[in-house]
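Undergrad: Below is the file my_file_13.cif, with mmCIF, C-alpha atoms.
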```cif
data_model
#
loop_
_atom_site.label_atom_id
_atom_site.label_comp_id
_atom_site.auth_asym_id
_atom_site.auth_seq_id
_atom_site.Cartn_x
_atom_site.Cartn_y
_atom_site.Cartn_z
CA MET A 1 -34.13 -15.43 -62.39
CA LYS A 2 -35.76 -18.40 -64.14
CA ASP A 3 -36.65 -20.14 -60.85
CA PHE A 4 -38.11 -16.95 -59.41
CA ILE A 5 -40.33 -16.41 -62.45
CA LYS A 6 -41.50 -20.04 -62.37
CA VAL A 7 -42.65 -19.73 -58.75
CA MET A 8 -44.31 -16.37 -59.32
CA LYS A 9 -46.15 -17.62 -62.42
CA ALA A 10 -47.29 -20.71 -60.53
CA LEU A 11 -48.89 -18.51 -57.90
CA SER A 12 -50.37 -16.03 -60.36
CA GLU A 13 -53.53 -18.10 -60.88
CA PRO A 14 -56.28 -18.01 -58.22
CA ASN A 15 -57.05 -21.76 -58.27
CA ARG A 16 -53.37 -22.59 -57.74
CA VAL A 17 -53.25 -20.27 -54.73
CA LYS A 18 -56.37 -21.99 -53.38
CA ILE A 19 -54.75 -25.40 -53.87
CA VAL A 20 -51.70 -24.28 -51.89
CA LYS A 21 -53.89 -22.89 -49.12
CA MET A 22 -55.85 -26.17 -48.91
CA LEU A 23 -52.68 -28.26 -48.87
CA GLN A 24 -51.53 -26.27 -45.85
CA HIS A 25 -54.28 -28.07 -43.95
CA LYS A 26 -54.09 -31.61 -45.32
CA MET A 27 -52.75 -33.87 -48.05
CA MET A 28 -55.26 -34.26 -50.82
CA CYS A 29 -55.81 -36.32 -53.95
CA VAL A 30 -56.93 -34.88 -57.28
CA CYS A 31 -60.57 -35.82 -56.74
CA GLU A 32 -60.66 -34.06 -53.35
CA ILE A 33 -59.16 -30.91 -54.85
CA GLN A 34 -61.59 -31.13 -57.76
CA ALA A 35 -64.56 -31.44 -55.39
CA SER A 36 -63.33 -28.54 -53.26
CA LEU A 37 -62.82 -26.15 -56.17
CA GLY A 38 -65.60 -27.37 -58.44
CA ILE A 39 -63.37 -27.55 -61.51
CA ALA A 40 -62.62 -30.34 -63.99
CA GLN A 41 -60.09 -33.07 -63.21
CA PRO A 42 -57.81 -32.17 -66.15
CA SER A 43 -57.68 -28.58 -64.89
CA VAL A 44 -56.72 -29.73 -61.39
CA SER A 45 -54.02 -32.00 -62.81
CA LYS A 46 -52.62 -29.16 -64.93
CA HIS A 47 -52.54 -26.82 -61.92
CA LEU A 48 -50.79 -29.46 -59.80
CA LYS A 49 -48.18 -30.03 -62.50
CA ILE A 50 -47.39 -26.30 -62.64
CA LEU A 51 -47.13 -26.16 -58.84
CA GLU A 52 -44.87 -29.24 -58.86
CA ASP A 53 -42.61 -27.78 -61.54
CA ALA A 54 -42.23 -24.64 -59.43
CA GLY A 55 -41.17 -26.69 -56.39
CA LEU A 56 -44.26 -25.82 -54.34
CA VAL A 57 -46.09 -29.15 -54.36
CA ASP A 58 -44.99 -32.77 -54.39
CA SER A 59 -46.85 -36.06 -54.57
CA LYS A 60 -46.56 -39.45 -52.98
CA LYS A 61 -48.19 -42.66 -54.17
CA ASP A 62 -50.09 -44.54 -51.47
CA GLY A 63 -51.69 -47.67 -52.89
CA LEU A 64 -54.38 -46.50 -55.30
CA TRP A 65 -54.04 -42.89 -54.20
CA VAL A 66 -51.66 -40.15 -55.22
CA ASN A 67 -51.45 -37.71 -52.33
CA TYR A 68 -50.39 -34.13 -52.97
CA HIS A 69 -48.70 -32.07 -50.28
CA LEU A 70 -46.65 -28.91 -49.95
CA THR A 71 -42.90 -29.25 -50.26
CA ASP A 72 -40.42 -28.12 -47.65
CA GLY A 73 -39.08 -25.65 -50.21
CA ALA A 74 -35.68 -27.34 -50.39
CA VAL A 75 -35.65 -27.27 -54.20
CA SER A 76 -36.11 -23.51 -54.46
CA ALA A 77 -35.39 -20.70 -52.03
CA TYR A 78 -38.16 -18.73 -53.75
CA ALA A 79 -40.67 -21.54 -53.19
CA ALA A 80 -39.57 -21.82 -49.55
CA ALA A 81 -39.99 -18.09 -48.96
CA LEU A 82 -43.41 -17.91 -50.58
CA LEU A 83 -44.70 -21.05 -48.87
CA GLY A 84 -43.60 -19.60 -45.53
CA ASN A 85 -45.35 -16.31 -46.19
CA LEU A 86 -48.49 -17.92 -47.64
CA ARG A 87 -49.00 -19.69 -44.31
CA HIS A 88 -49.90 -16.29 -42.89
CA TRP A 89 -51.30 -14.49 -45.90
CA MET A 90 -54.99 -14.52 -46.83
CA GLU A 91 -56.13 -16.33 -43.70
CA GLU A 92 -59.01 -13.87 -43.42
CA ASP A 93 -59.95 -13.96 -47.10
CA ARG A 94 -63.57 -15.14 -47.27
CA GLU A 95 -63.00 -17.50 -50.22
CA ILE A 96 -60.09 -19.16 -48.43
CA GLU A 97 -62.05 -19.38 -45.17
CA GLU A 98 -64.93 -21.11 -46.98
CA LEU A 99 -62.58 -23.61 -48.64
CA VAL A 100 -60.88 -24.44 -45.35
CA GLU A 101 -64.25 -24.88 -43.62
CA LYS A 102 -65.28 -27.44 -46.27
CA LEU A 103 -62.09 -29.52 -46.00
CA PRO A 104 -63.12 -31.82 -43.13
CA ASN A 105 -66.15 -32.93 -45.17
CA ILE A 106 -64.19 -33.54 -48.38
CA ARG A 107 -63.32 -37.22 -48.12
CA ARG A 108 -61.86 -39.23 -50.96
CA GLU A 109 -63.72 -42.35 -49.89
CA ASN A 110 -67.00 -40.58 -50.67
CA ILE A 111 -65.83 -38.86 -53.83
CA CYS A 112 -63.38 -41.04 -55.74
CA LYS A 113 -65.05 -44.47 -55.55
CA LYS A 114 -61.92 -46.37 -56.62
#
```
Translate this file's structure into structure tokens.
TA:
Amino acid sequence: MKDFIKVMKALSEPNRVKIVKMLQHKMMCVCEIQASLGIAQPSVSKHLKILEDAGLVDSKKDGLWVNYHLTDGAVSAYAAALLGNLRHWMEEDREIEELVEKLPNIRRENICKK
């Protein structure tokens, strides 16, 4: 039951659901997620940590960048099931549509200045 509760709690916060929906479309770094959601970097990092702990999100270092992406759900059957369903859920939600429309213009090279 512990794994189930962890996944459900991870997806009980609107910004974490938005992060998952954005990561369905592309890998993103913290600064890109921050720019998309308009929230502070520490908040984004905290949300990503919770999503990682639940087995929903993983990261990969690429030079100076840390890229976040959705997992394949191999760590948790609950994460796999919810990730599969979330692909189809909320596609017509206006907030999600607006976020997805902004993604092509959210570019780390313009935001992060590393």
Undergrad: Using all atoms listed in the file, pick whichever of A:His88, A:Arg108, A:Lys2, A:His69 has the shortest atom-to-atom distance to His25 in chain A.
TA: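 Smallest distance to His25 in chain A is found for A:His69.
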Undergrad: I'd like to see the residues matched by the PyMOL selection byres ((chain A and resi 106) around 12) on this file, and ideally I'd get them as a PyMOL selection string.
TA: chain A and resi 22+26-38+99-105+107-112
Undergrad: Between CA of Gly55 in chain A and CA of Tyr78 in chain A, what is the distance in Å, rounded to a tenth?
TA: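 Going from CA of Gly55 in chain A over to CA of Tyr78 in chain A, I get 8.9 Å.
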Undergrad: Env of Lys60 in chain A: 12 Å cut, atoms = all atoms listed in the file, seq-sep filter 2 positions within chain, self excluded. Answer as JSON, numbers by chain.
TA: {"A": [27, 28, 29, 52, 57, 58, 62, 63, 64, 65, 66, 67, 68, 69, 70, 71]}
Undergrad: For a test of reading the model, state the distance in Å between CA of Ser76 in chain A and CA of Val44 in chain A, rounded to one decimal.
TA: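 Computing it gives 22.6 Å between the two atoms.
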Undergrad: Taking the file as I've supplied it (selection: the PyMOL selection byres ((chain A and resi 17) around 12)), which residues are included? Please answer as a PyMOL selection string.
TA: chain A and resi 7-16+18-24+37+47-48+50-51+56-57+70+82-83+86-87+89-90+93+95-96+99
Undergrad: What separation in Å, quoted to one decimal, exists between CA of Val75 in chain A and CA of Ala54 in chain A?
TA: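 Atom-to-atom, CA of Val75 in chain A and CA of Ala54 in chain A are spaced 8.8 Å apart.
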Undergrad: Let me have the centre and edge lengths of the axis-aligned box enclosing all listed atoms of range 94-108 of chain A with 8 Å padding on every side, in Å to one decimal, as lines of an AutoDock Vina configuration file.
TA:
```
center_x = -63.1
center_y = -27.2
center_z = -47.0
size_x = 22.1
size_y = 40.1
size_z = 23.8
```
Undergrad: Using the incomplete input, complete range 50-66 of chain A to the level of N, CA and C atoms; output as a PDB file, in the coordinates of the input.
TA:
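Result file result-v3.pdb:
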```pdb
ATOM      1  N   ILE A  50     -48.058 -27.610 -62.673  1.00  0.00           N
ATOM      2  CA  ILE A  50     -47.390 -26.300 -62.640  1.00  0.00           C
ATOM      3  C   ILE A  50     -46.827 -26.037 -61.242  1.00  0.00           C
ATOM      4  N   LEU A  51     -47.596 -26.352 -60.209  1.00  0.00           N
ATOM      5  CA  LEU A  51     -47.130 -26.160 -58.840  1.00  0.00           C
ATOM      6  C   LEU A  51     -45.949 -27.085 -58.519  1.00  0.00           C
ATOM      7  N   GLU A  52     -45.987 -28.311 -59.037  1.00  0.00           N
ATOM      8  CA  GLU A  52     -44.870 -29.240 -58.860  1.00  0.00           C
ATOM      9  C   GLU A  52     -43.608 -28.731 -59.543  1.00  0.00           C
ATOM     10  N   ASP A  53     -43.758 -28.281 -60.782  1.00  0.00           N
ATOM     11  CA  ASP A  53     -42.610 -27.780 -61.540  1.00  0.00           C
ATOM     12  C   ASP A  53     -41.954 -26.578 -60.863  1.00  0.00           C
ATOM     13  N   ALA A  54     -42.746 -25.819 -60.124  1.00  0.00           N
ATOM     14  CA  ALA A  54     -42.230 -24.640 -59.430  1.00  0.00           C
ATOM     15  C   ALA A  54     -41.619 -24.998 -58.066  1.00  0.00           C
ATOM     16  N   GLY A  55     -41.735 -26.271 -57.662  1.00  0.00           N
ATOM     17  CA  GLY A  55     -41.170 -26.690 -56.390  1.00  0.00           C
ATOM     18  C   GLY A  55     -42.049 -26.400 -55.191  1.00  0.00           C
ATOM     19  N   LEU A  56     -43.326 -26.150 -55.417  1.00  0.00           N
ATOM     20  CA  LEU A  56     -44.260 -25.820 -54.340  1.00  0.00           C
ATOM     21  C   LEU A  56     -45.015 -27.032 -53.809  1.00  0.00           C
ATOM     22  N   VAL A  57     -45.276 -27.980 -54.685  1.00  0.00           N
ATOM     23  CA  VAL A  57     -46.090 -29.150 -54.360  1.00  0.00           C
ATOM     24  C   VAL A  57     -45.351 -30.410 -54.792  1.00  0.00           C
ATOM     25  N   ASP A  58     -45.564 -31.466 -54.038  1.00  0.00           N
ATOM     26  CA  ASP A  58     -44.990 -32.770 -54.390  1.00  0.00           C
ATOM     27  C   ASP A  58     -46.094 -33.810 -54.198  1.00  0.00           C
ATOM     28  N   SER A  59     -45.852 -35.002 -54.702  1.00  0.00           N
ATOM     29  CA  SER A  59     -46.850 -36.060 -54.570  1.00  0.00           C
ATOM     30  C   SER A  59     -46.187 -37.333 -54.071  1.00  0.00           C
ATOM     31  N   LYS A  60     -47.025 -38.170 -53.498  1.00  0.00           N
ATOM     32  CA  LYS A  60     -46.560 -39.450 -52.980  1.00  0.00           C
ATOM     33  C   LYS A  60     -47.640 -40.485 -53.248  1.00  0.00           C
ATOM     34  N   LYS A  61     -47.248 -41.581 -53.873  1.00  0.00           N
ATOM     35  CA  LYS A  61     -48.190 -42.660 -54.170  1.00  0.00           C
ATOM     36  C   LYS A  61     -48.428 -43.466 -52.890  1.00  0.00           C
ATOM     37  N   ASP A  62     -49.701 -43.754 -52.636  1.00  0.00           N
ATOM     38  CA  ASP A  62     -50.090 -44.540 -51.470  1.00  0.00           C
ATOM     39  C   ASP A  62     -51.171 -45.515 -51.916  1.00  0.00           C
ATOM     40  N   GLY A  63     -50.742 -46.695 -52.356  1.00  0.00           N
ATOM     41  CA  GLY A  63     -51.690 -47.670 -52.890  1.00  0.00           C
ATOM     42  C   GLY A  63     -52.331 -47.133 -54.155  1.00  0.00           C
ATOM     43  N   LEU A  64     -53.656 -47.018 -54.145  1.00  0.00           N
ATOM     44  CA  LEU A  64     -54.380 -46.500 -55.300  1.00  0.00           C
ATOM     45  C   LEU A  64     -54.357 -44.972 -55.367  1.00  0.00           C
ATOM     46  N   TRP A  65     -53.969 -44.344 -54.297  1.00  0.00           N
ATOM     47  CA  TRP A  65     -54.040 -42.890 -54.200  1.00  0.00           C
ATOM     48  C   TRP A  65     -52.716 -42.228 -54.540  1.00  0.00           C
ATOM     49  N   VAL A  66     -52.811 -41.036 -55.088  1.00  0.00           N
ATOM     50  CA  VAL A  66     -51.660 -40.150 -55.220  1.00  0.00           C
ATOM     51  C   VAL A  66     -51.984 -38.943 -54.355  1.00  0.00           C
TER      52      VAL A  66
END
```
